[in-house]
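**Student:** Structure file my_file-v5.cif (mmCIF, C-alpha atoms) right here:
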```cif
data_final
#
loop_
_atom_site.label_atom_id
_atom_site.label_comp_id
_atom_site.auth_asym_id
_atom_site.auth_seq_id
_atom_site.Cartn_x
_atom_site.Cartn_y
_atom_site.Cartn_z
CA MET G 1 153.55 245.51 162.64
CA PRO G 2 156.33 246.09 160.07
CA ASN G 3 158.40 243.15 158.90
CA GLU G 4 161.86 243.84 160.34
CA MET G 5 163.50 241.84 157.54
CA GLU G 6 162.07 244.25 154.95
CA ILE G 7 163.34 247.39 156.66
CA LYS G 8 166.53 248.36 154.82
CA VAL G 9 167.27 251.78 156.29
CA LYS G 10 167.39 251.45 160.06
CA THR G 11 168.10 255.13 160.68
CA LEU G 12 164.97 256.05 158.73
CA LYS G 13 162.91 253.62 160.82
CA LYS G 14 164.28 255.21 163.98
CA ALA G 15 163.30 258.67 162.76
CA LEU G 16 159.79 257.51 161.82
CA ASP G 17 159.42 255.79 165.19
CA VAL G 18 160.05 259.19 166.77
CA LEU G 19 157.50 260.86 164.50
CA ASN G 20 154.93 258.14 165.24
CA CYS G 21 155.08 258.98 168.94
CA PHE G 22 153.04 262.09 168.12
CA THR G 23 150.06 260.01 166.99
CA THR G 24 149.24 259.20 170.61
CA LYS G 25 150.19 262.41 172.44
CA GLN G 26 151.14 266.04 171.88
CA PRO G 27 153.22 267.92 172.89
CA LEU G 28 156.22 265.71 173.62
CA GLY G 29 159.69 266.46 174.93
CA VAL G 30 163.05 264.82 174.28
CA THR G 31 163.06 262.92 177.57
CA GLU G 32 159.54 261.54 177.06
CA ILE G 33 160.34 260.23 173.59
CA SER G 34 163.69 258.84 174.77
CA GLU G 35 161.88 256.85 177.46
CA MET G 36 159.11 255.74 175.11
CA LEU G 37 161.52 254.35 172.52
CA GLY G 38 164.59 253.49 174.58
CA LEU G 39 166.78 255.81 172.52
CA TYR G 40 169.60 258.09 173.63
CA LYS G 41 168.43 261.66 174.21
CA SER G 42 171.07 262.96 171.82
CA ASN G 43 169.66 260.78 169.03
CA VAL G 44 166.11 261.88 169.77
CA TYR G 45 167.13 265.55 169.85
CA ASN G 46 168.89 265.32 166.47
CA ILE G 47 165.86 263.63 164.89
CA LEU G 48 163.46 266.19 166.34
CA ALA G 49 165.66 269.08 165.22
CA THR G 50 165.75 267.70 161.68
CA PHE G 51 161.98 267.21 161.48
CA THR G 52 161.50 270.73 162.88
CA ALA G 53 163.86 272.26 160.33
CA MET G 54 161.89 270.54 157.56
CA GLY G 55 158.50 271.66 158.89
CA TYR G 56 157.19 268.27 160.02
CA LEU G 57 157.39 269.34 163.66
CA ALA G 58 157.19 272.67 165.48
CA LYS G 59 158.81 273.52 168.80
CA ASP G 60 157.38 275.52 171.68
CA GLU G 61 160.33 277.62 172.84
CA ILE G 62 158.91 278.02 176.34
CA SER G 63 158.25 274.37 177.18
CA ASP G 64 160.91 272.93 174.82
CA LYS G 65 158.29 270.44 173.63
CA TYR G 66 157.30 269.54 170.09
CA TYR G 67 154.07 269.42 168.08
CA LEU G 68 153.20 268.13 164.62
CA GLY G 69 153.95 270.78 162.01
CA GLU G 70 152.46 272.18 158.83
CA LYS G 71 154.09 269.64 156.50
CA ILE G 72 152.15 266.87 158.24
CA VAL G 73 148.92 268.65 157.31
CA LEU G 74 150.00 268.82 153.68
CA LEU G 75 150.83 265.11 153.71
CA ASN G 76 147.44 264.39 155.21
CA ARG G 77 145.73 266.28 152.41
CA ALA G 78 147.72 264.27 149.86
CA VAL G 79 146.45 260.96 151.28
CA GLY G 80 143.06 261.67 149.79
CA ASP G 81 139.75 263.19 150.75
CA ARG G 82 138.29 259.85 151.75
CA TYR G 83 140.18 259.72 155.01
CA ASN G 84 140.62 263.26 156.22
CA LEU G 85 138.70 265.79 158.24
CA ARG G 86 138.22 268.06 155.25
CA SER G 87 136.31 265.37 153.38
CA VAL G 88 134.05 264.60 156.33
CA ALA G 89 133.36 268.26 157.05
CA ARG G 90 132.76 269.49 153.49
CA SER G 91 129.07 268.61 153.01
CA ARG G 92 128.08 269.89 156.45
CA MET G 93 130.04 273.11 155.84
CA GLU G 94 127.99 273.61 152.69
CA ALA G 95 124.81 273.14 154.71
CA ILE G 96 126.03 275.65 157.32
CA ALA G 97 126.98 278.22 154.67
CA ASN G 98 123.63 278.01 152.92
CA GLU G 99 121.59 278.18 156.13
CA ALA G 100 123.63 281.01 157.67
CA ARG G 101 124.18 282.81 154.34
CA GLU G 102 127.77 283.50 155.37
CA LYS G 103 131.26 282.12 154.67
CA VAL G 104 132.28 279.02 156.61
CA PHE G 105 135.85 278.05 157.50
CA LEU G 106 137.41 274.80 158.67
CA THR G 107 140.51 275.21 160.82
CA ILE G 108 142.85 272.88 162.65
CA PRO G 109 145.50 273.63 165.29
CA ILE G 110 149.17 273.66 164.36
CA ASP G 111 151.42 274.64 167.25
CA ARG G 112 150.00 277.99 168.48
CA ASN G 113 148.07 278.74 165.31
CA ALA G 114 144.75 278.07 163.64
CA TYR G 115 145.45 276.70 160.15
CA TYR G 116 142.78 277.33 157.50
CA LEU G 117 142.10 273.98 155.85
CA ASP G 118 138.97 274.76 153.83
CA VAL G 119 136.40 277.47 153.08
CA VAL G 120 132.84 277.18 151.75
CA PHE G 121 130.70 280.01 150.41
CA PRO G 122 126.89 280.11 150.37
CA ALA G 123 125.13 279.62 147.05
CA ASN G 124 125.05 282.74 144.84
CA PHE G 125 127.72 284.38 146.99
CA GLY G 126 129.44 287.24 145.16
CA HIS G 127 133.13 287.81 145.90
CA ARG G 128 134.99 284.56 146.62
CA MET G 129 138.40 284.60 148.27
CA SER G 130 140.33 281.33 148.65
CA SER G 131 143.79 282.78 149.29
CA ILE G 132 143.24 282.39 153.03
CA LEU G 133 143.67 278.63 152.69
CA ARG G 134 146.94 277.44 154.25
CA TYR G 135 147.02 280.75 156.13
CA THR G 136 147.48 280.72 159.90
CA GLU G 137 146.45 283.04 162.71
CA PRO G 138 147.19 282.83 166.45
CA LEU G 139 144.59 280.71 168.21
CA HIS G 140 143.53 283.45 170.62
CA CYS G 141 142.64 285.91 167.82
CA THR G 142 139.80 283.97 166.17
CA SER G 143 136.55 282.31 167.20
CA ALA G 144 137.70 278.97 165.77
CA GLY G 145 141.06 279.27 167.50
CA LYS G 146 139.49 280.15 170.83
CA ALA G 147 137.08 277.21 170.47
CA ILE G 148 140.08 274.93 169.88
CA LEU G 149 141.91 276.41 172.87
CA ALA G 150 138.89 276.07 175.15
CA PHE G 151 138.61 272.35 174.49
CA SER G 152 142.35 271.60 174.47
CA THR G 153 144.10 270.04 177.44
CA GLU G 154 144.77 272.15 180.51
CA GLN G 155 148.49 271.61 179.95
CA PHE G 156 148.31 272.99 176.41
CA VAL G 157 146.38 276.08 177.56
CA ASP G 158 148.82 276.73 180.40
CA GLU G 159 151.79 276.50 178.04
CA TYR G 160 150.03 278.67 175.46
CA LEU G 161 149.46 281.41 178.01
CA LEU G 162 153.12 281.45 179.04
CA GLN G 163 154.00 283.22 175.80
CA PRO G 164 152.94 286.80 174.98
CA LEU G 165 149.52 287.08 173.32
CA VAL G 166 150.13 289.05 170.15
CA SER G 167 147.59 291.64 169.08
CA ALA G 168 146.05 291.48 165.60
CA THR G 169 143.70 294.42 166.23
CA GLU G 170 142.88 296.73 169.12
CA TYR G 171 140.12 294.27 170.10
CA THR G 172 142.35 291.19 170.44
CA ILE G 173 142.46 289.74 173.94
CA THR G 174 146.07 290.02 175.09
CA ASP G 175 145.66 289.59 178.84
CA PRO G 176 146.19 285.92 179.85
CA GLU G 177 143.70 285.98 182.72
CA GLU G 178 141.02 287.63 180.59
CA LEU G 179 141.54 284.98 177.92
CA ARG G 180 141.40 282.22 180.52
CA ARG G 181 138.04 283.56 181.73
CA GLU G 182 136.73 283.69 178.17
CA LEU G 183 137.81 280.10 177.54
CA GLU G 184 135.76 279.02 180.55
CA ILE G 185 132.68 280.75 179.11
CA ILE G 186 133.30 279.07 175.76
CA ARG G 187 133.46 275.66 177.39
CA GLU G 188 130.18 276.31 179.18
CA ARG G 189 128.20 277.44 176.12
CA GLY G 190 129.99 275.31 173.51
CA TYR G 191 130.99 278.04 171.06
CA ALA G 192 133.28 281.05 170.73
CA THR G 193 132.89 284.51 169.23
CA ASP G 194 135.31 286.93 167.60
CA ASN G 195 134.25 290.56 167.34
CA MET G 196 136.89 292.18 165.13
CA GLU G 197 139.66 290.49 167.15
CA ALA G 198 141.45 289.20 164.04
CA GLU G 199 140.33 291.72 161.42
CA ILE G 200 138.56 295.07 161.68
CA GLY G 201 134.99 294.88 160.40
CA ILE G 202 134.80 291.08 160.56
CA SER G 203 133.07 288.96 163.20
CA CYS G 204 132.90 285.19 163.59
CA VAL G 205 131.25 282.41 165.57
CA GLY G 206 133.17 279.14 165.94
CA ALA G 207 132.60 275.74 167.54
CA PRO G 208 134.98 272.81 168.11
CA ILE G 209 135.04 269.47 166.30
CA MET G 210 135.71 266.63 168.74
CA SER G 211 136.92 263.08 168.14
CA SER G 212 135.20 260.01 169.59
CA ASN G 213 137.57 260.17 172.59
CA ARG G 214 136.73 263.87 173.07
CA THR G 215 140.01 265.24 171.74
CA VAL G 216 139.64 268.51 169.84
CA LEU G 217 140.40 268.01 166.14
CA GLY G 218 139.67 271.48 164.84
CA ALA G 219 136.81 273.95 164.54
CA VAL G 220 134.25 275.30 162.11
CA SER G 221 133.44 279.00 162.06
CA ILE G 222 130.90 281.29 160.40
CA SER G 223 132.43 284.60 159.32
CA GLY G 224 131.09 287.85 157.92
CA VAL G 225 130.82 291.61 158.34
CA CYS G 226 130.28 292.57 161.97
CA THR G 227 126.96 294.31 161.33
CA SER G 228 125.43 290.91 160.49
CA PHE G 229 126.50 289.45 163.83
CA THR G 230 123.74 290.76 166.05
CA GLU G 231 123.09 289.01 169.36
CA GLU G 232 120.17 287.18 167.76
CA ASN G 233 122.23 286.06 164.77
CA VAL G 234 125.17 284.95 166.91
CA SER G 235 122.83 282.67 168.86
CA ARG G 236 121.31 281.35 165.62
CA PHE G 237 124.73 280.78 164.03
CA ALA G 238 125.89 278.90 167.12
CA GLY G 239 122.90 276.59 166.87
CA ILE G 240 123.54 275.93 163.18
CA LEU G 241 127.18 275.10 163.90
CA LYS G 242 126.46 272.75 166.80
CA LYS G 243 123.78 270.85 164.88
CA ASN G 244 125.97 270.24 161.83
CA ILE G 245 129.17 269.55 163.77
CA ARG G 246 127.36 266.79 165.70
CA ASP G 247 126.65 265.19 162.31
CA MET G 248 130.33 265.49 161.32
CA GLU G 249 131.51 263.91 164.55
CA LYS G 250 129.57 260.70 163.85
CA TYR G 251 132.15 259.93 161.15
CA LEU G 252 135.32 260.90 163.03
#
```
Show this structure as structure tokens.
**Tutor:**
Amino acid sequence: MPNEMEIKVKTLKKALDVLNCFTTKQPLGVTEISEMLGLYKSNVYNILATFTAMGYLAKDEISDKYYLGEKIVLLNRAVGDRYNLRSVARSRMEAIANEAREKVFLTIPIDRNAYYLDVVFPANFGHRMSSILRYTEPLHCTSAGKAILAFSTEQFVDEYLLQPLVSATEYTITDPEELRRELEIIRERGYATDNMEAEIGISCVGAPIMSSNRTVLGAVSISGVCTSFTEENVSRFAGILKKNIRDMEKYL
């Protein structure tokens, strides 16, 4: 617990108390935080609006609730590799890339998007593209994003489906009920696929990374040209992902 005598800026403490609420639950609304902290709703709203404007929070315009934003991810990366998901996942991503002979991505959810946190290429891979890092795509467009959605809370999925599902390509699922059915299949088999739903000519297989309390933390996906993603290879890639992600989860 912080020493109250050492806290010099009370307004800053109040703002950080609000931000800390998101370590136990997301999304959160003004009323929930007001009740959690015993603060006036107007104070909570002003703090949330400021954090949102600065990128530390993001707001769902349909539910009027807030999520941690992109700036939090950047702060997390600055803490050091020893403590973050990227550090834990890196060695297993290398193993996945070399066994699958395809690119491997690590993504985490930020609001309605999949945020690309890391990429690993197989040994002796030719063209290497790292510009995708810090890039985001809607969760429903990618295998990693759909894996994250499938293992998110029912409330999050319901709120996600309230907003229009944007189309990245002609193959993107934009019908809410069709997506809901696909999420059920993903939960049953433990992995998701993307057949040119985010980019023409590119297919992916993704699986979720779960915390010890079974909260979805992110996903790892194998990505390559669609001709390499035969039914046999998709099944093999899914097995490679599951095996290595289980190893990652031991340290999360």
**Student:** Go through G:Glu94, G:Glu199, G:Asp17, G:Asp64 one by one, measure the shortest atom-to-atom distance of each to Thr142 in chain G using only C-alpha atoms, and give the residue with the smallest value.
**Tutor:** G:Glu199
**Student:** Taking the file above as input, evaluate the PyMOL selection byres ((chain G and resi 41-46) around 12) and report the hits as a ChimeraX atom specification.
**Tutor:** /G:11,14-19,21,28-40,47-53,59,64-66
**Student:** Just give me the gap between CA of Val166 in chain G and CA of Glu184 in chain G in Å, one decimal is fine.
**Tutor:** 20.4 Å
**Student:** On this file, the PyMOL selection byres ((chain G and resi 115) around 7) gives some set of residues; write that set as a PDB file with C-alpha atoms, keeping the file's coordinate frame.
**Tutor:**
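Writing the result to part22.pdb gives the following:
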```pdb
ATOM      1  CA  THR G 107     140.510 275.210 160.820  1.00  0.00           C
ATOM      2  CA  ILE G 108     142.850 272.880 162.650  1.00  0.00           C
ATOM      3  CA  PRO G 109     145.500 273.630 165.290  1.00  0.00           C
ATOM      4  CA  ILE G 110     149.170 273.660 164.360  1.00  0.00           C
ATOM      5  CA  ASN G 113     148.070 278.740 165.310  1.00  0.00           C
ATOM      6  CA  ALA G 114     144.750 278.070 163.640  1.00  0.00           C
ATOM      7  CA  TYR G 116     142.780 277.330 157.500  1.00  0.00           C
ATOM      8  CA  LEU G 117     142.100 273.980 155.850  1.00  0.00           C
ATOM      9  CA  ARG G 134     146.940 277.440 154.250  1.00  0.00           C
ATOM     10  CA  TYR G 135     147.020 280.750 156.130  1.00  0.00           C
ATOM     11  CA  THR G 136     147.480 280.720 159.900  1.00  0.00           C
ATOM     12  CA  GLU G 137     146.450 283.040 162.710  1.00  0.00           C
TER      13      GLU G 137
END
```
**Student:** For Ser235 in chain G, which residue out of G:Ala100, G:Leu252, G:Leu162, G:Val157 is the nearest one, using only C-alpha atoms?
**Tutor:**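 Going through G:Ala100, G:Leu252, G:Leu162, G:Val157 one by one, the smallest distance to Ser235 in chain G is for G:Ala100.
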**Student:** For a quick check of understanding, using all atoms listed in the file, which of G:Lys25, G:Arg92, G:Lys71, G:Arg86 has the smallest distance to Arg246 in chain G?
**Tutor:** G:Arg92
